[in-house]
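**Student:** Below you'll find the structure I mean.
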There are 2 protein chains.
Amino acid sequence: MDIKSPKYALFLFLFLLVFSADAVAQPGTPAPTNVPGAEYPRVLPDNRVTFRIEAPEADSLQIDLGKTYDMERNEEGVWTVTTDSLRPGIHYYSLIIDGVPVADPASKSFYGMGRWVSGIEIPYEVDDYSIQDVPHGDVRMQRYYSSTTDSWRRFFVYTPPSYDSSKSRDYPVLYLLHGGGENETGWVRQGRTDIIMDNLIAHGDTTPMLVVMVDGNMPAEGMNGSLKLFREELLNEILPVVEQKYRVRTDPDNRALAGLSMGGLQTLYAGVPNSDLFGSLGVFSSGWLPNQKEIAEEQYAYLKEHTETFNQNMELFFLAMGGKEDIAYENNQRMMKRFDQIGIEYQYYERPGGHTWPVWRDNLRAMAPKLFK
Amino acid sequence: MDIKSPKYALFLFLFLLVFSADAVAQPGTPAPTNVPGAEYPRVLPDNRVTFRIEAPEADSLQIDLGKTYDMERNEEGVWTVTTDSLRPGIHYYSLIIDGVPVADPASKSFYGMGRWVSGIEIPYEVDDYSIQDVPHGDVRMQRYYSSTTDSWRRFFVYTPPSYDSSKSRDYPVLYLLHGGGENETGWVRQGRTDIIMDNLIAHGDTTPMLVVMVDGNMPAEGMNGSLKLFREELLNEILPVVEQKYRVRTDPDNRALAGLSMGGLQTLYAGVPNSDLFGSLGVFSSGWLPNQKEIAEEQYAYLKEHTETFNQNMELFFLAMGGKEDIAYENNQRMMKRFDQIGIEYQYYERPGGHTWPVWRDNLRAMAPKLFK
């Protein structure tokens with residue numbers, strides 16, 4: 001049916017007439033992350049969100065979106081609350097039933113915060129993060145046996161739209177790391193990496209590249225043991241598999257490493273002393289923690305000794321921050337001050353939004369066009 | 001430290017990880033589906049499972065595994081229950097907190113039962129369903145625009161280990177459909193299709209093939225509308241994308257269609273009248289429902305008229321059932337009686353386990369070696 005035809009107008013009119021009865025009572029629209037058929041949570045025009053859950057036997061219900069909202073019960077045992085306005089993009093949240101934080105059965109679940117947690121997606125106005133009518137790359141799941149951890153592990157690889165047809169072409173590659181409590185699915189599902197890359201490539205804003213999204217969780221005690229083991233995993237296990245199996249360029253100018261939060265620390269730890277391997281580094285919402293003084297000082301000492309080499313090797317050293325409200329803001333500020341004292345060159349990029357996925361999606365979109373020039 | 005802050009959650013997570021050495025007193029082992037660090041649920045040597053959840057403020061906790069188990073509270077507000085013995089493989093379950101069924105935060109979540117539900121994996125003794133030291137294929141996510149539904153959809157494609165190296169070889173292809181309340185991730189995550197196929201291929205038990213795992217959920221009213229629309233989606237959208245993008249053989253003897261439960265009905269509906277397209281059909285835990293009489297009779301009438309052609313075209317017509325305890329058992333029995341009356345040839349395969357994923361994994365493992373001989 002032609003949407004400009006009078007017939008369509010009549011159809012629309014009748015359709016609205018028939019279905020408006022249900023629509024009046026419910027303001028807003030179901031979130032894109034709702035499971036099929038779930039009418040709530042609903043996103044209001046000002047991006048506040050109304051949650052509604054039937055739980056007549058519960059004593060207390062809350063929604064935890066970082067900020068905790070108490071829900072109110074009506075006589076039928078239906079609980080509701082409307083939140084503050086949320087930023088476009090995806091946000092983790094929990095439903096707390098009588099003190100137990102669980103995933104909301106009405107929303108999609110994602111692996112984050114060390115468990116399967118709910119996500120709510122607030123639609124964007126200008127949307128570079130949704131599927132557009134452009135050529136699409138693949139996301140491939142790659143299993144590999146790691147001698148470092150003595151176990152089967154996996155990563156995901158984004159291959160750009162041209163990868164299968166341009167069979168003699170080798171591509172640059174970005175290794176992309178998730179945060180603490182997340183895993184290799186984070187950049188695929190929460191991050192929408194393939195959609196962001198598809199859109200950037202289609203608009204000529206970035207060079208086609210592979211993006212390898214790995215599992216940064218290591219069977220090691222403590223953060224420092226984990227950092228060391230991850231560096232081994234990346235260099236001795238992941239890089240060889242990628243470079244044997246995929247058509248990627250293997251010179252440092254065509255190899256980049258970036259990560260968010262914990263993945264930012266892994267990027268610093270594995271990347272900074274290996275600028276002859278990784279010609280570009282991206283550190284999102286991260287910086288050495290106060291209790292990582294020893295490891296940080298070791299790195300600053302290294303950089304003091306190799307300032308010129310490091311600056312020369314780095315095509316891009318990209319530090320991104322989600323504004324002052326980002327929990328990593330102070331750590332990052334402190335680190336940049338040290339970089340400045342040493343004479344390390346970097347690009348600082350700040351957008352508000354805190355320590356959240358809307359910020360990290362934007363970080364990827366901002367960094368990718370600067371890579372592999 | 002605010003116990004509701006994400007920082008506290010992370011701290012708690014790391015704390016539990018470090019102090020898991022206290023596990024000596026606990027019988028059994030954490031299930032493979034537990035999230036990192038979760039000590040419960042634990043699988044006992046006889047495959048009973050102990051669940052343990054801290055919820056001092058809740059009035060009632062239950063575990064719903066098809067059978068519902070009431071949990072018992074101790075003085076500290078810790079609730080426990082031990083279930084009956086479970087069959088090896090994966091089972092859906094819910095935690096019910098004061099009457100609200102939710103996913104257990106201690107387990108992996110899967111899309112099933114129309115929402116993100118918990119899964120618990122009971123380890124196998126002889127394990128053809130776990131990653132072995134054999135060559136591994138990929139699973140690729142493929143996005144496509146469907147004119148039939150006027151939306152972007154996606155499917156997953158298993159490509160066998162040789163696919164990338166044998167560049168001039170075309171492969172047979174199996175289209176594999178999930179059940180009601182599931183989606184295209186079902187055969188990847190719950191079904192472990194890639195692992196089953198990798199193992200079968202490595203042992204020479206099946207010919208290397210592509211397996212296309214599609215989304216069978218359609219924006220249509222009622223089961224019959226949905227069946228019709230799915231047939232259009234499969235034939236007019238999915239097949240052309242697969243056959244244009246992947247190196248697959250396009251003769252009916254090298255094209256198969258199979259599905260479980262709702263996917264079994266879709267297989268009958270789309271496959272039976274198209275035996276010139278699909279030379280093999282697999283129907284797992286399925287059969288026309290009593291309220292689908294019209295659609296069933298239409299199909300039986302078609303088969304009466306084309307008995308010889310259908311029997312000749314079918315390389316394999318595989319009907320699998322999870323024993324008498326399978327909720328689809330009677331529907332399937334009734335259907336097979338009609339097939340017998342008409343003279344339709346099929347292979348019947350029955351293994352106990354009911355309407356569950358352990359059965360469907362086994363069905364795939366049993367059917368794949370019979371395909372594309």
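We label chains A, B, ... in the order they appear in the structure tokens, count residues from 1 in each chain, and number ligands from 1 in the order shown.
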Would you mind listing, as a count of residues only, all residues of chain A that have at least one atom within 8 Å of chain B, where only C-alpha atoms are what counts?
**Tutor:** 40
**Student:** Can you state the RMSD, in Å, between chain A and chain B once they are superposed by least squares on every Cα paired in order?
**Tutor:**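 Across the paired C-alpha atoms, the RMSD reaches 7.0 Å.
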**Student:** What lies within 10 Å of B:Asp362 using only C-alpha atoms, ignoring chain neighbours under 3 positions off, as a list in words?
**Tutor:**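 That gives Gly89, Asp128, Tyr129, Gly191, Ile196, Ala320, Gly322, Arg351, Trp357, Pro358, Val359, Arg365, Ala366 and Met367 of chain B.
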**Student:** Closest to A:Lys167 among A:Arg247, A:Ala296, A:Tyr348, A:Thr82, using only C-alpha atoms?
**Tutor:**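 Looking only at the distances to A:Lys167, the closest residue turns out to be A:Arg247.
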**Student:** Would you mind listing what lies within 12 Å of A:Leu289 as a ChimeraX atom specification, with only C-alpha atoms counted and same-chain residues fewer than 2 positions away left out?
**Tutor:** /A:223-224,261-262,264-265,285-287,291-297,327-335
**Student:** May I have all residues of stretch 108-299 of chain B that DSSP, computed from the backbone, assigns to strand (DSSP E), given as a PyMOL selection string?
**Tutor:** chain B and resi 109-112+115-122+138-146+151-159+173-177+210-214+255-260+280-284
**Student:** Residues of stretch 220-337 of chain B in helix (DSSP H, G or I) according to DSSP, as an NGL selection string?
**Tutor:** :B and (222-245 or 252-254 or 262-274 or 290-305 or 307-313 or 329-337)
**Student:** Keeping C-alpha atoms for every residue in the selection just given, could you write it to a file as a compact mmCIF listing (two decimals), in the first residue's frame?
**Tutor:**
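New file selection.txt:
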```
# COMPACT_ATOMS: atom_id res chain seq x y z
CA GLY B 222 -2.13 -16.32 15.49
CA MET B 223 -0.22 -19.50 14.71
CA ASN B 224 -1.59 -19.91 11.18
CA GLY B 225 -0.80 -16.36 10.12
CA SER B 226 2.64 -16.81 11.57
CA LEU B 227 3.21 -20.10 9.72
CA LYS B 228 2.30 -18.50 6.38
CA LEU B 229 4.47 -15.47 6.96
CA PHE B 230 7.40 -17.59 8.09
CA ARG B 231 7.20 -19.67 4.91
CA GLU B 232 7.47 -16.46 2.88
CA GLU B 233 10.36 -15.26 5.04
CA LEU B 234 12.24 -18.52 4.59
CA LEU B 235 11.69 -18.92 0.85
CA ASN B 236 11.76 -15.31 -0.33
CA GLU B 237 14.24 -13.72 2.07
CA ILE B 238 16.50 -16.18 3.88
CA LEU B 239 17.23 -18.70 1.11
CA PRO B 240 18.25 -16.00 -1.41
CA VAL B 241 20.57 -14.31 1.11
CA VAL B 242 22.22 -17.60 2.08
CA GLU B 243 22.61 -18.75 -1.51
CA GLN B 244 24.00 -15.43 -2.68
CA LYS B 245 26.38 -14.88 0.22
CA PRO B 252 17.12 -30.18 -3.11
CA ASP B 253 19.27 -33.19 -2.18
CA ASN B 254 21.68 -30.76 -0.55
CA MET B 262 6.99 -24.65 16.89
CA GLY B 263 9.95 -24.99 14.50
CA GLY B 264 8.73 -28.51 13.72
CA LEU B 265 5.36 -27.13 12.67
CA GLN B 266 7.14 -24.52 10.54
CA THR B 267 9.18 -27.31 8.99
CA LEU B 268 6.01 -29.24 8.11
CA TYR B 269 4.25 -26.16 6.78
CA ALA B 270 7.14 -24.77 4.72
CA GLY B 271 8.79 -28.08 3.88
CA VAL B 272 6.15 -30.68 3.02
CA PRO B 273 4.64 -28.82 0.02
CA ASN B 274 8.17 -27.89 -1.11
CA PRO B 290 -5.73 -30.41 17.89
CA ASN B 291 -6.71 -26.77 17.17
CA GLN B 292 -4.80 -26.78 13.86
CA LYS B 293 -7.14 -29.26 12.23
CA GLU B 294 -7.79 -27.16 9.15
CA ILE B 295 -4.15 -26.61 8.35
CA ALA B 296 -3.33 -30.25 9.10
CA GLU B 297 -6.13 -31.60 6.89
CA GLU B 298 -4.99 -29.34 4.08
CA GLN B 299 -1.54 -30.88 4.37
CA TYR B 300 -2.80 -34.46 4.54
CA ALA B 301 -4.93 -33.79 1.44
CA TYR B 302 -1.85 -32.46 -0.34
CA LEU B 303 0.14 -35.53 0.68
CA LYS B 304 -2.63 -37.89 -0.52
CA GLU B 305 -2.48 -36.22 -3.89
CA THR B 307 2.29 -39.32 -2.09
CA GLU B 308 4.62 -40.79 -4.67
CA THR B 309 6.36 -37.50 -5.53
CA PHE B 310 6.83 -36.68 -1.87
CA ASN B 311 8.25 -40.10 -1.00
CA GLN B 312 10.54 -39.95 -4.01
CA ASN B 313 11.75 -36.44 -3.26
CA TYR B 329 3.89 -37.01 21.98
CA GLU B 330 0.16 -37.41 21.28
CA ASN B 331 0.15 -34.84 18.47
CA ASN B 332 3.01 -36.65 16.84
CA GLN B 333 1.43 -40.09 17.26
CA ARG B 334 -1.80 -38.83 15.68
CA MET B 335 0.13 -37.32 12.78
CA MET B 336 2.17 -40.45 12.15
CA LYS B 337 -1.04 -42.52 12.07
```
